[in-house]
Every structure is written in C-alpha cells, then in structure tokens.
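Scroll down for the structure; my scribbles are underneath it.
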Amino acid sequence: MKGEWRSVRLGDICVFNYGKALPASARNGGKTPVFGSNGIVGHHDSAITKGRTIVIGRKGSFGEINYSDKACWPIDTTYFVDELSTEHDIRWLAHRLACLGLNRLNKAAAVPGLNREDAYRQELLLPPLSEQRRIAAILDLADTLRAKHQEALTQLDRLTQAIFIDMFGDVAAKGWPMDNVAGIALSRKGAIRTGPFGSQLLHSEFVDDGIPVLGIDNVVANEFRWGERRYISDKKYQELKRYTVQKGDVLITIMGTCGRCAVVPEDIPIAINTKHICCITLDQNKCLPSFLHAYFLRHPIARKYLARTAKGAIMDGLNMGIIKEMPVPLPPIGLQRDFSTWSAAVEKLKIAHRSSLANLDALFAGLQHRAFSGKL
C-alpha cells in the first residue's frame, strides 16, 4: 500500500443527507439535473446540493449510486453526499460506494429501502487523500472507456433505426403492396406456431444435454443470444419435432416479457421453442427475416398496430392471432436484401463493441478490487 491506510466505517467519512421532494409539475426544465433513485428524472432552475454530488437511492432502487459533476436536486427518494458532506475525494467515494453493496441492506418487508444507519456501519479501508485522487483518476479513465463503447452501441442502434426508416418508412408514397404476417409465412402447416403446451413438455423432462429448447431468454435482448441452456432427450424430441425451429425463423415472445423479437441464426443446432414464443417461418421470396425483425421493432405501422391491439401497457395480451393479423408492407425483395446486408455489417461492429465492453467490464471489476484493497 502507498501511504497509511486505515479501517473506518462509512459514517466516519461522510454524511447521507435526505433529498427533498420536487414533484414533476414543479420542475421548470432549467439546467440543473433532478435525480431520483435510478438517475436523472428531470431538470430544474435551482439546486439543493453544493458542487459535485453523489446520489444514493433510498427508496425503490435503493442503494443505487449516481454521480453529478455539478450541484443538483436529489428528490426525497434519495440520500446525497455533496462537497460539504465529506472531507474526502468525492469521485473516490462515488466509486467506493458503487461497489460497497448497499443494495443488500434492505430491511423493509413491504417497500424496499435503505436505512442510512445501516449504511454508516459498513466498514472499508480509507487511503490518504492523495491516494484517493490517484485511484479515482484510474477508475475514471477505465469508466470513460466503457462509456465510449456503450455510446458506440447506442449510436449504431440509432443509425440502424434512421436507415431503416429512410428505406422503408413512407409506405404509402412508395406504393408498396400490403399483406399481413399470415400472408408472408411459408405456405405450409405450422409455419406460424408456438411451442408445446401443458403436459406435452414438463419441466421434469429437461435433461443436462441433448436438443436445446429456446425460451424468452434467447429473445429478450431483441436479438438471438444463448442464455439459460435447457435440453430435452432425443427420444422426447421425436415426439415434439413439429416444433423444430429453422435458421431464419423469426421468434416473438408472447408470454412473460412480451413483444421481443429475434431471428434464429444460421448456425443453430436442432432445437425447439417453448410455448412462450411464436415462431414464424417466412416465405423468403416475399419477406426476409431481417426485414420483418426490424419492421416489428422499428416501423411506425407495426408499433401503432401492436399498441392498439395488444392488451395492457407491456403487451401482456400479445398472442399468435394478433401477430398473424399484423399488417406488413412488401418492399421489393432486392431492397430488403440491401438492408439485410447493411444490417449484418452493423451487427458485426456491435459484436466487436460488446466484446470490448465485456473485457473492459472485467478489467474495471479487477481494478476496483485492487484499488479498494490497497493493491493498485
């Protein structure tokens, strides 16, 4: 360790001040950020903190740590630590609080919350002020790199949205014919289907290895990802093979987290899907999977249709009948191919950024451990 480190309790080095109520109707949209437990919730023209501020979730997202590089207004679901509430480096303290695990301290049975007296009892190692500043500078740099990759992913997604709307947005002006999902599916029985129901597939029939069973977790990110692995035996698969998914099938979640959409990748092994997913095998002479995927998630016609027909605020009424009837424009297949090629190139960039971000997350976690144990 550099310099003298000492063991302290959190309450020895800072004060958690209570935030102050500021209803949305009273926020006048000034330049001062207004913070709730989960981040910025609006703006106002005055602040209640002095200088840089750490905002700690007290209710709701209790223990969540947010940081403002200027005076702000934390509302009454939060605590805050500003430059008058500690003698220590506030950036170091923000990093330290973020990995102190305050969200595990809830004792309220009904409403999740953080008692500041519980927080004050947490023990930590306190380095000298100069060491705090050095640690904060290193962690800030690593955090900036992570933020840049996250921002790149956000911008790539915005770019995809802009290109898609530019190519396919004004359906009426371009005079493209309209169909629905039932009309663009392959002309065969079961081209639009859900997985096995009820006693057809019991949880007790899952095995440690065999034929994968795709569920919500494979689709929830709006792109195909391997999540929790579930398998059935080859024998069970022979009973359920009519539920086999094919490469290029479009998957839409209809239970649980409804309205998520993904395309089955080219390298999919033999697999089936659960009852929580509607699986669509398209007639690719009419509609490409990449186009339907983007259309479902991005096009105003699709979003308005789903908002109008699905029951509830989070599409809890989405079902196969609603999906079959969803209107779909049919742009020229060559234009769909152009979009598919372009979106595949963007996806490669996104994969590269995700990989870099995962590596930086691991590096950041390692740096935090070393920094707060005096080994950095």
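Going through the structure tokens in order, the chains are called A, B, and so on, while each chain numbers its residues from 1 and the ligands are numbered from 1 in the order shown.
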
Residues at most 12 Å from A:Gly183, counting only C-alpha atoms, excluding those fewer than 6 positions away in the same chain, as a list in words?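 That gives Pro177, Ala191, Ile192, Ile280, Thr281, Leu282, Asp283, Gln284, Asn285, Lys286, Cys287, Ile323, Lys324, Glu325, Met326, Pro327, Val328, Pro329 and Leu330 of chain A.
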
Need to verify the contact set: A:Glu347, 9 Å, only C-alpha atoms, exclusion of same-chain residues closer than 5 positions in sequence. Can you return it as a PyMOL selection string? chain A and resi 156+342+352

Expected file: the selected residues, N, CA and C atoms, as a tab-separated table (two decimals), in the first residue's frame:
chain	number	residue	atom	x	y	z
A	156	LEU	N	-24.92	3.11	-32.96
A	156	LEU	CA	-25.13	2.15	-34.03
A	156	LEU	C	-26.60	1.75	-34.12
A	342	TRP	N	-26.58	-4.55	-45.15
A	342	TRP	CA	-26.11	-3.43	-44.36
A	342	TRP	C	-26.25	-3.70	-42.87
A	352	ALA	N	-18.29	-6.56	-32.00
A	352	ALA	CA	-16.94	-6.16	-31.61
A	352	ALA	C	-16.98	-5.23	-30.41

Residues within 10 Å of A:Val220, please, as JSON, numbers by chain. Count only C-alpha atoms; anything in the same chain fewer than 6 positions from it doesn't count. {"A": [227, 252, 253, 256, 257, 258, 259, 260, 261, 262]}

Using DSSP assignments from the backbone, pull out every residue in stretch 46-208 of chain A that falls under strand (DSSP E) and give it to me as an MDAnalysis selection string. chainID A and resid 53:57 65:68 73:74 78:82 123:126 178:180 192:194

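Using only C-alpha atoms, the nearest neighbour of A:Gln132 within the list A:Ile90, A:Cys99, A:Ala162, A:Leu114 is A:Ile90.
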
Find the distance between atom CA of A:Leu159 and atom CA of A:Ala307 and write it in Å to one decimal.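 Atom CA of A:Ala307 lies 24.0 Å from atom CA of A:Leu159.
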
Looking at only C-alpha atoms, which of A:Ser290, A:Ser204, A:Gln150, A:Gln246 is the one that sits closest to A:Leu360? A:Gln150

Which of A:Asp234, A:Leu297, A:Asn17, A:Arg193 sits closest to A:Thr160 [using only C-alpha atoms]: A:Leu297

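Among A:Ala221, A:Val263, A:Ile270, A:Leu97, the residue with the shortest atom-to-atom distance to A:Thr244, counting only C-alpha atoms, is A:Ile270.
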